Each structure stands twice: as structure tokens, then as C-alpha cells.
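Source file: work-v5.cif. Holds: mmCIF, C-alpha atoms and all ligand atoms; chains and numbers go by the auth columns.
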data_model
#
loop_
_atom_site.group_PDB
_atom_site.id
_atom_site.type_symbol
_atom_site.label_atom_id
_atom_site.label_comp_id
_atom_site.label_asym_id
_atom_site.label_seq_id
_atom_site.Cartn_x
_atom_site.Cartn_y
_atom_site.Cartn_z
_atom_site.B_iso_or_equiv
_atom_site.auth_seq_id
_atom_site.auth_asym_id
ATOM 1 C CA MET A 1 8.895 25.635 -21.262 0.00 1 W
ATOM 2 C CA MET A 2 9.733 22.595 -19.153 0.00 2 W
ATOM 3 C CA LEU A 3 9.973 23.255 -15.414 0.00 3 W
ATOM 4 C CA GLU A 4 13.029 22.061 -13.490 0.00 4 W
ATOM 5 C CA VAL A 5 11.534 19.888 -10.719 0.00 5 W
ATOM 6 C CA LYS A 6 13.325 19.280 -7.408 0.00 6 W
ATOM 7 C CA LYS A 7 10.791 16.834 -6.041 0.00 7 W
ATOM 8 C CA PHE A 8 11.156 14.436 -8.980 0.00 8 W
ATOM 9 C CA TYR A 9 8.652 12.004 -7.514 0.00 9 W
ATOM 10 C CA LEU A 10 5.796 14.462 -8.038 0.00 10 W
ATOM 11 C CA ILE A 11 6.232 13.708 -11.729 0.00 11 W
ATOM 12 C CA LEU A 12 5.541 10.011 -11.086 0.00 12 W
ATOM 13 C CA HIS A 13 2.216 10.750 -9.361 0.00 13 W
ATOM 14 C CA PRO A 14 -0.758 10.328 -9.278 0.00 14 W
ATOM 15 C CA ARG A 15 -0.149 6.831 -7.945 0.00 15 W
ATOM 16 C CA PRO A 16 -2.555 4.448 -6.240 0.00 16 W
ATOM 17 C CA ALA A 17 -2.547 4.756 -2.480 0.00 17 W
ATOM 18 C CA TYR A 18 -2.530 1.450 -0.606 0.00 18 W
ATOM 19 C CA LEU A 19 -2.293 0.399 3.019 0.00 19 W
ATOM 20 C CA ILE A 20 0.686 -1.643 4.187 0.00 20 W
ATOM 21 C CA GLY A 21 -0.130 -3.978 7.068 0.00 21 W
ATOM 22 C CA SER A 22 2.737 -4.934 9.372 0.00 22 W
ATOM 23 C CA GLY A 23 3.306 -6.679 12.684 0.00 23 W
ATOM 24 C CA ARG A 24 1.579 -9.822 13.877 0.00 24 W
ATOM 25 C CA VAL A 25 -2.075 -10.252 14.803 0.00 25 W
ATOM 26 C CA GLY A 26 -2.333 -10.851 18.555 0.00 26 W
ATOM 27 C CA GLU A 27 0.934 -9.018 19.151 0.00 27 W
ATOM 28 C CA LYS A 28 1.676 -5.726 17.393 0.00 28 W
ATOM 29 C CA VAL A 29 -0.391 -4.524 14.457 0.00 29 W
ATOM 30 C CA ASN A 30 0.002 -1.441 12.270 0.00 30 W
ATOM 31 C CA PHE A 31 -1.099 0.065 8.970 0.00 31 W
ATOM 32 C CA MET A 32 0.468 2.846 6.946 0.00 32 W
ATOM 33 C CA ALA A 33 -0.489 4.457 3.653 0.00 33 W
ATOM 34 C CA ALA A 34 1.898 3.842 0.770 0.00 34 W
ATOM 35 C CA SER A 35 1.871 4.889 -2.836 0.00 35 W
ATOM 36 C CA TRP A 36 5.480 3.989 -3.603 0.00 36 W
ATOM 37 C CA VAL A 37 4.552 0.389 -4.303 0.00 37 W
ATOM 38 C CA THR A 38 5.381 -1.608 -7.420 0.00 38 W
ATOM 39 C CA PRO A 39 5.184 -5.137 -8.854 0.00 39 W
ATOM 40 C CA ILE A 40 8.718 -6.409 -9.586 0.00 40 W
ATOM 41 C CA ALA A 41 8.605 -9.972 -10.903 0.00 41 W
ATOM 42 C CA GLU A 42 6.124 -12.713 -11.760 0.00 42 W
ATOM 43 C CA GLU A 43 8.216 -15.814 -11.008 0.00 43 W
ATOM 44 C CA PRO A 44 8.647 -15.781 -8.113 0.00 44 W
ATOM 45 C CA PRO A 45 5.937 -13.163 -7.582 0.00 45 W
ATOM 46 C CA LEU A 46 7.629 -10.136 -6.048 0.00 46 W
ATOM 47 C CA VAL A 47 6.353 -6.725 -5.004 0.00 47 W
ATOM 48 C CA GLY A 48 8.340 -3.766 -3.694 0.00 48 W
ATOM 49 C CA VAL A 49 7.475 -0.952 -1.335 0.00 49 W
ATOM 50 C CA ALA A 50 9.583 2.017 -0.262 0.00 50 W
ATOM 51 C CA VAL A 51 9.164 2.593 3.480 0.00 51 W
ATOM 52 C CA GLY A 52 10.541 5.554 5.422 0.00 52 W
ATOM 53 C CA VAL A 53 13.342 4.561 7.826 0.00 53 W
ATOM 54 C CA ASP A 54 11.738 6.354 10.763 0.00 54 W
ATOM 55 C CA SER A 55 8.336 4.733 10.375 0.00 55 W
ATOM 56 C CA TYR A 56 6.903 2.225 12.813 0.00 56 W
ATOM 57 C CA THR A 57 6.132 0.048 9.782 0.00 57 W
ATOM 58 C CA ARG A 58 9.845 -0.258 9.098 0.00 58 W
ATOM 59 C CA GLU A 59 10.452 -1.472 12.650 0.00 59 W
ATOM 60 C CA LEU A 60 7.683 -4.067 12.395 0.00 60 W
ATOM 61 C CA ILE A 61 8.685 -5.384 8.963 0.00 61 W
ATOM 62 C CA ASP A 62 12.297 -5.715 10.124 0.00 62 W
ATOM 63 C CA PHE A 63 11.138 -7.681 13.155 0.00 63 W
ATOM 64 C CA TYR A 64 8.358 -9.900 11.805 0.00 64 W
ATOM 65 C CA ARG A 65 9.581 -10.097 8.183 0.00 65 W
ATOM 66 C CA GLU A 66 6.088 -10.093 6.709 0.00 66 W
ATOM 67 C CA PHE A 67 3.710 -7.460 5.373 0.00 67 W
ATOM 68 C CA THR A 68 0.501 -7.084 3.424 0.00 68 W
ATOM 69 C CA VAL A 69 -0.467 -4.683 0.645 0.00 69 W
ATOM 70 C CA ASN A 70 -4.137 -3.724 0.857 0.00 70 W
ATOM 71 C CA VAL A 71 -6.256 -2.043 -1.813 0.00 71 W
ATOM 72 C CA LEU A 72 -9.108 0.054 -0.491 0.00 72 W
ATOM 73 C CA PRO A 73 -11.879 1.653 -2.545 0.00 73 W
ATOM 74 C CA MET A 74 -12.345 5.417 -2.786 0.00 74 W
ATOM 75 C CA GLU A 75 -15.059 5.273 -0.100 0.00 75 W
ATOM 76 C CA LYS A 76 -12.336 4.331 2.412 0.00 76 W
ATOM 77 C CA LEU A 77 -10.141 7.279 1.505 0.00 77 W
ATOM 78 C CA ASN A 78 -10.331 8.643 5.047 0.00 78 W
ATOM 79 C CA SER A 79 -8.823 5.426 6.420 0.00 79 W
ATOM 80 C CA ILE A 80 -5.921 5.760 3.994 0.00 80 W
ATOM 81 C CA TYR A 81 -5.367 9.377 4.887 0.00 81 W
ATOM 82 C CA TYR A 82 -5.570 8.610 8.578 0.00 82 W
ATOM 83 C CA ALA A 83 -3.037 5.767 8.353 0.00 83 W
ATOM 84 C CA GLY A 84 -0.763 7.991 6.270 0.00 84 W
ATOM 85 C CA THR A 85 -0.675 10.958 8.615 0.00 85 W
ATOM 86 C CA ARG A 86 -0.094 9.345 11.998 0.00 86 W
ATOM 87 C CA SER A 87 2.470 6.926 13.334 0.00 87 W
ATOM 88 C CA GLY A 88 1.539 3.648 14.970 0.00 88 W
ATOM 89 C CA ARG A 89 4.154 4.537 17.557 0.00 89 W
ATOM 90 C CA ASP A 90 1.860 7.253 18.913 0.00 90 W
ATOM 91 C CA GLU A 91 -1.531 5.868 18.093 0.00 91 W
ATOM 92 C CA ASP A 92 -3.293 2.542 17.724 0.00 92 W
ATOM 93 C CA LYS A 93 -4.556 2.812 14.143 0.00 93 W
ATOM 94 C CA THR A 94 -6.677 -0.325 14.473 0.00 94 W
ATOM 95 C CA LYS A 95 -9.283 1.916 16.107 0.00 95 W
ATOM 96 C CA ILE A 96 -10.047 3.145 12.587 0.00 96 W
ATOM 97 C CA VAL A 97 -8.562 0.499 10.278 0.00 97 W
ATOM 98 C CA LYS A 98 -9.773 -2.943 11.304 0.00 98 W
ATOM 99 C CA PRO A 99 -7.266 -5.803 11.001 0.00 99 W
ATOM 100 C CA VAL A 100 -7.845 -9.431 10.092 0.00 100 W
ATOM 101 C CA LYS A 101 -5.211 -12.139 10.190 0.00 101 W
ATOM 102 C CA GLY A 102 -3.676 -13.052 6.877 0.00 102 W
ATOM 103 C CA GLU A 103 -4.224 -16.510 5.396 0.00 103 W
ATOM 104 C CA LYS A 104 -0.555 -17.280 4.709 0.00 104 W
ATOM 105 C CA VAL A 105 1.076 -14.703 6.978 0.00 105 W
ATOM 106 C CA GLN A 106 0.469 -13.581 10.513 0.00 106 W
ATOM 107 C CA ALA A 107 0.730 -9.942 9.512 0.00 107 W
ATOM 108 C CA PRO A 108 -2.622 -8.123 9.480 0.00 108 W
ATOM 109 C CA ALA A 109 -4.678 -7.450 6.376 0.00 109 W
ATOM 110 C CA VAL A 110 -7.370 -4.758 6.292 0.00 110 W
ATOM 111 C CA GLU A 111 -10.867 -6.071 6.940 0.00 111 W
ATOM 112 C CA ASP A 112 -12.437 -3.747 4.330 0.00 112 W
ATOM 113 C CA ALA A 113 -9.818 -4.330 1.642 0.00 113 W
ATOM 114 C CA ILE A 114 -11.012 -5.212 -1.855 0.00 114 W
ATOM 115 C CA GLY A 115 -7.562 -6.548 -2.725 0.00 115 W
ATOM 116 C CA VAL A 116 -4.821 -8.081 -0.567 0.00 116 W
ATOM 117 C CA LEU A 117 -1.279 -9.294 -1.247 0.00 117 W
ATOM 118 C CA GLU A 118 0.274 -11.287 1.578 0.00 118 W
ATOM 119 C CA CYS A 119 4.040 -11.074 1.511 0.00 119 W
ATOM 120 C CA ARG A 120 7.047 -12.648 3.153 0.00 120 W
ATOM 121 C CA LEU A 121 10.163 -10.513 3.198 0.00 121 W
ATOM 122 C CA TYR A 122 12.393 -11.595 0.311 0.00 122 W
ATOM 123 C CA SER A 123 15.066 -8.908 0.402 0.00 123 W
ATOM 124 C CA SER A 124 15.550 -5.253 1.164 0.00 124 W
ATOM 125 C CA VAL A 125 17.652 -2.383 -0.076 0.00 125 W
ATOM 126 C CA GLU A 126 18.711 0.425 2.232 0.00 126 W
ATOM 127 C CA ALA A 127 18.271 3.609 0.253 0.00 127 W
ATOM 128 C CA GLN A 128 19.075 6.668 2.378 0.00 128 W
ATOM 129 C CA ASP A 129 15.864 7.778 4.101 0.00 129 W
ATOM 130 C CA ALA A 130 13.903 4.779 2.880 0.00 130 W
ATOM 131 C CA ILE A 131 14.167 1.024 2.787 0.00 131 W
ATOM 132 C CA PHE A 132 12.895 -0.698 -0.308 0.00 132 W
ATOM 133 C CA TYR A 133 11.321 -3.924 0.891 0.00 133 W
ATOM 134 C CA VAL A 134 10.857 -6.683 -1.633 0.00 134 W
ATOM 135 C CA GLY A 135 8.155 -9.111 -0.634 0.00 135 W
ATOM 136 C CA GLU A 136 7.386 -12.522 -2.075 0.00 136 W
ATOM 137 C CA VAL A 137 3.654 -12.642 -2.679 0.00 137 W
ATOM 138 C CA LEU A 138 2.458 -15.834 -0.976 0.00 138 W
ATOM 139 C CA THR A 139 -1.184 -15.260 -1.818 0.00 139 W
ATOM 140 C CA ALA A 140 -3.178 -12.545 -3.568 0.00 140 W
ATOM 141 C CA ARG A 141 -6.946 -12.101 -3.559 0.00 141 W
ATOM 142 C CA ALA A 142 -9.463 -9.555 -4.790 0.00 142 W
ATOM 143 C CA ASP A 143 -13.184 -8.965 -4.375 0.00 143 W
ATOM 144 C CA GLU A 144 -14.907 -10.936 -7.142 0.00 144 W
ATOM 145 C CA ARG A 145 -17.709 -8.341 -7.363 0.00 145 W
ATOM 146 C CA VAL A 146 -15.276 -5.796 -8.791 0.00 146 W
ATOM 147 C CA PHE A 147 -12.351 -7.836 -10.116 0.00 147 W
ATOM 148 C CA ASP A 148 -11.746 -10.697 -12.492 0.00 148 W
ATOM 149 C CA GLU A 149 -8.512 -12.462 -13.350 0.00 149 W
ATOM 150 C CA ARG A 150 -8.670 -11.748 -17.062 0.00 150 W
ATOM 151 C CA ARG A 151 -9.447 -8.027 -16.982 0.00 151 W
ATOM 152 C CA GLY A 152 -8.442 -6.855 -13.497 0.00 152 W
ATOM 153 C CA TRP A 153 -10.433 -4.150 -11.716 0.00 153 W
ATOM 154 C CA ASP A 154 -13.860 -3.272 -13.034 0.00 154 W
ATOM 155 C CA THR A 155 -13.403 0.478 -12.902 0.00 155 W
ATOM 156 C CA ALA A 156 -17.052 1.045 -13.745 0.00 156 W
ATOM 157 C CA ARG A 157 -17.875 -0.463 -10.357 0.00 157 W
ATOM 158 C CA VAL A 158 -14.960 0.494 -8.178 0.00 158 W
ATOM 159 C CA ASP A 159 -12.767 3.528 -7.825 0.00 159 W
ATOM 160 C CA ILE A 160 -9.251 3.212 -6.404 0.00 160 W
ATOM 161 C CA PRO A 161 -7.755 6.393 -4.955 0.00 161 W
ATOM 162 C CA LEU A 162 -4.733 7.934 -6.619 0.00 162 W
ATOM 163 C CA HIS A 163 -2.557 10.268 -4.577 0.00 163 W
ATOM 164 C CA ASN A 164 -1.450 13.519 -6.184 0.00 164 W
ATOM 165 C CA TRP A 165 0.202 15.398 -3.318 0.00 165 W
ATOM 166 C CA GLY A 166 -1.058 18.943 -2.835 0.00 166 W
ATOM 167 C CA ARG A 167 -3.938 18.278 -5.192 0.00 167 W
ATOM 168 C CA GLY A 168 -5.290 15.497 -3.010 0.00 168 W
ATOM 169 C CA PHE A 169 -6.712 12.294 -4.386 0.00 169 W
ATOM 170 C CA TYR A 170 -8.279 11.337 -7.677 0.00 170 W
ATOM 171 C CA GLY A 171 -10.375 8.427 -8.715 0.00 171 W
ATOM 172 C CA LEU A 172 -9.271 6.323 -11.647 0.00 172 W
ATOM 173 C CA GLY A 173 -11.458 8.366 -13.935 0.00 173 W
ATOM 174 C CA ARG A 174 -13.194 7.226 -17.058 0.00 174 W
ATOM 175 C CA PHE A 175 -12.157 3.921 -18.578 0.00 175 W
ATOM 176 C CA GLN A 176 -10.500 4.195 -21.979 0.00 176 W
ATOM 177 C CA MET A 177 -8.921 1.577 -24.280 0.00 177 W
ATOM 178 C CA ALA A 178 -5.598 2.411 -25.897 0.00 178 W
ATOM 179 C CA LYS A 179 -5.542 2.312 -29.720 0.00 179 W
ATOM 180 C CA SER A 180 -3.528 -0.627 -31.031 0.00 180 W
HETATM 181 C C1 LIG B . -1.364 8.821 0.283 0.00 201 D
HETATM 182 C C2 LIG B . -0.122 8.585 1.071 0.00 201 D
HETATM 183 C C3 LIG B . 0.881 7.805 0.528 0.00 201 D
HETATM 184 C C4 LIG B . 2.057 7.537 1.256 0.00 201 D
HETATM 185 N N1 LIG B . 3.023 6.756 0.699 0.00 201 D
HETATM 186 C C5 LIG B . 4.111 6.417 1.423 0.00 201 D
HETATM 187 C C6 LIG B . 5.072 5.503 0.905 0.00 201 D
HETATM 188 O O1 LIG B . 4.958 4.981 -0.197 0.00 201 D
HETATM 189 N N2 LIG B . 6.145 5.200 1.694 0.00 201 D
HETATM 190 C C7 LIG B . 6.301 5.736 2.953 0.00 201 D
HETATM 191 O O2 LIG B . 7.281 5.415 3.645 0.00 201 D
HETATM 192 N N3 LIG B . 5.392 6.594 3.470 0.00 201 D
HETATM 193 C C8 LIG B . 4.302 6.928 2.742 0.00 201 D
HETATM 194 N N4 LIG B . 3.365 7.766 3.271 0.00 201 D
HETATM 195 C C9 LIG B . 3.563 8.298 4.616 0.00 201 D
HETATM 196 C C10 LIG B . 3.323 7.244 5.711 0.00 201 D
HETATM 197 O O3 LIG B . 2.067 6.605 5.509 0.00 201 D
HETATM 198 C C11 LIG B . 3.367 7.965 7.067 0.00 201 D
HETATM 199 O O4 LIG B . 4.686 8.428 7.298 0.00 201 D
HETATM 200 C C12 LIG B . 2.875 7.129 8.238 0.00 201 D
HETATM 201 O O5 LIG B . 2.623 8.011 9.296 0.00 201 D
HETATM 202 C C13 LIG B . 3.837 6.063 8.703 0.00 201 D
HETATM 203 O O6 LIG B . 3.188 5.358 9.716 0.00 201 D
HETATM 204 P P1 LIG B . 3.883 4.374 10.764 0.00 201 D
HETATM 205 O O7 LIG B . 4.914 5.178 11.534 0.00 201 D
HETATM 206 O O8 LIG B . 2.735 3.935 11.622 0.00 201 D
HETATM 207 O O9 LIG B . 4.517 3.274 9.991 0.00 201 D
HETATM 208 C C14 LIG B . 2.206 8.071 2.551 0.00 201 D
HETATM 209 C C15 LIG B . 1.193 8.875 3.097 0.00 201 D
HETATM 210 C C16 LIG B . 0.033 9.121 2.366 0.00 201 D
HETATM 211 C C17 LIG B . -1.040 9.954 2.978 0.00 201 D
#

Starting from the file, give its structure as C-alpha cells.
Ligand SMILES: Cc1cc2nc3c(=O)[nH]c(=O)nc-3n(C[C@H](O)[C@H](O)[C@H](O)COP(=O)(O)O)c2cc1C
Amino acid sequence: MMLEVKKFYLILHPRPAYLIGSGRVGEKVNFMAASWVTPIAEEPPLVGVAVGVDSYTRELIDFYREFTVNVLPMEKLNSIYYAGTRSGRDEDKTKIVKPVKGEKVQAPAVEDAIGVLECRLYSSVEAQDAIFYVGEVLTARADERVFDERRGWDTARVDIPLHNWGRGFYGLGRFQMAKS
């Protein structure tokens, strides 16, 4: 029997959990966890993220019109959880998640990130309790010890956390090739 599911999005998880950096280094800086993140287009390179309307991140992206998407390894899971369960309005999250200035944007990236997309706001869609921000990726970089351009992440060396709601987080699990 198929179960009727009210929270449809549970069906689309597990999804990788990233950190969104917003604000401007030297002024206001914030990070929030986000798993509702998706590539959209290659030319120009566009990425989308759904951000809750009440979040501090929303306020900062609206104001500074830049953001970063940061990939952290499983070992940094606590930083992701921390940034996803508190608001930067109440707490300075840079006590736990260390910022560095972006190369092409003034928004913060995460010092410990193994992958970073630096984005300039391209467009946004108001969608009830969320805003879907589309960012143009101005530069993207990944740690060469665990990533190469041809094959992507070396999952034998690095584990990227996947969020699965009440069941917590998973690693990427064992690598498997699809049959062609
Ligand atoms: C694993 C995880 C994934 C999350 N994904 C999203 C997301 O995609 N979009 C979103 O708006 N909030 C998401 N959240 C919740 C925000 O991170 C959370 O509301 C945060 O406190 C907002 O922080 P801010 O007010 O400092 O911006 C997620 C939380 C966790 C723990």
C-alpha cells in the first residue's frame, strides 16, 4: 500500500545539507543550513535555494544581493546542525562557523568548506513561506584532495551529509555505478 503523505518534501529527502553564507564580511555575516538547494542552468551558471521568509538569511540576501553555498564534510555535521537550528538574529553563528571573505563576492564563505559556490543574486521567486533565490555562480571551487573536475567528489575519501528529517543524517554510503 502506498501511504498518502502530507509533508511531500519528506519524499524528496535525503538531500545534501549545505551552509548558505549571507551578509558582507566586515559588516553583517550569517550562515544557515539548507538542503533545498539545486543547480538550475549551466549557461549562465545558476543555482537555486529556497529560504524561509522569516529567516535572517532572507533579510541579508535581500539587502546585500549575494550569497555562498558551502559544502562541508560529515565531520562538520555539528556546524551544519548548529547553523540550522538557530537564527543569526539571536546569535552570532561565526563563533562556531568561521567565515572567510569570498573571492568574487563580499558575502562570507565557510573557512572549513570543501566546496564553495559564490553567487550574485540573479532573480527570486516569492513562494508563500519561502523565497526561491536564484544565484549566478561567479566562481566555484572544491578541495582538490577529494574532488576532480571529471568525476566530482571522491566519495571514498569524503562523506557529505544528507539530511533525512527525523532519521537524522546519512553519509553518501557506498559508491555504486549504474548499469548502462
Ligand atoms: C539540515 C537542515 C537543512 C535545512 N534546510 C533549509 C532550507 O533548505 N531552507 C530553509 O529556509 N531553511 C532550512 N533549514 C532551516 C534553517 O537553517 C533555520 O531556519 C535557520 O535557523 C535559519 O537561520 P537564520 O535565521 O540565521 O537565517 C534547514 C535546517 C537544517 C538543520

Starting from the displayed file, determine the output of the PyMOL selection byres (((not hetatm)) within 6 of (chain D and resi 201)) and express the residue list as a PyMOL selection string. chain W and resi 17+32-36+50-52+55-57+81+83-88+163

Residue among W:Ile131, W:Val71, W:Cys119, W:Ile40 lying closest to Glu59 in chain W, counting only C-alpha atoms: W:Ile131

Ile20 in chain W environment, 6 Å, all atoms listed in the file, sequence neighbours closer than 4 positions dropped, as a ChimeraX atom specification: /W:31-32,68-69

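The space separating CA of Ala107 in chain W from CA of Glu42 in chain W comes to 22.1 Å.
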
Report, in Å with one decimal, the straight-line distance from CA of Val49 in chain W to CA of Gly135 in chain W.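 These atoms are spaced 8.2 Å apart.
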
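Considering all atoms listed in the file, the residue among W:Lys76, W:Lys7, W:Arg65, W:Arg58 positioned nearest to Ile160 in chain W is W:Lys76.
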
Using only C-alpha atoms, which residues sit within 9 Å of Pro161 in chain W once same-chain residues fewer than 6 positions away are excluded, as a list in words?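 Listing them by chain and then by number gives Arg15, Pro16, Ala17, Tyr18, Leu72, Pro73, Met74, Glu75, Lys76, Leu77, Phe169, Tyr170, Gly171 and Leu172 of chain W.
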
Write out as a ChimeraX atom specification the residues lying within 8 Å of Asp143 in chain W, counting all atoms listed in the file and excluding same-chain residues fewer than 3 positions away. /W:114-115,146-147
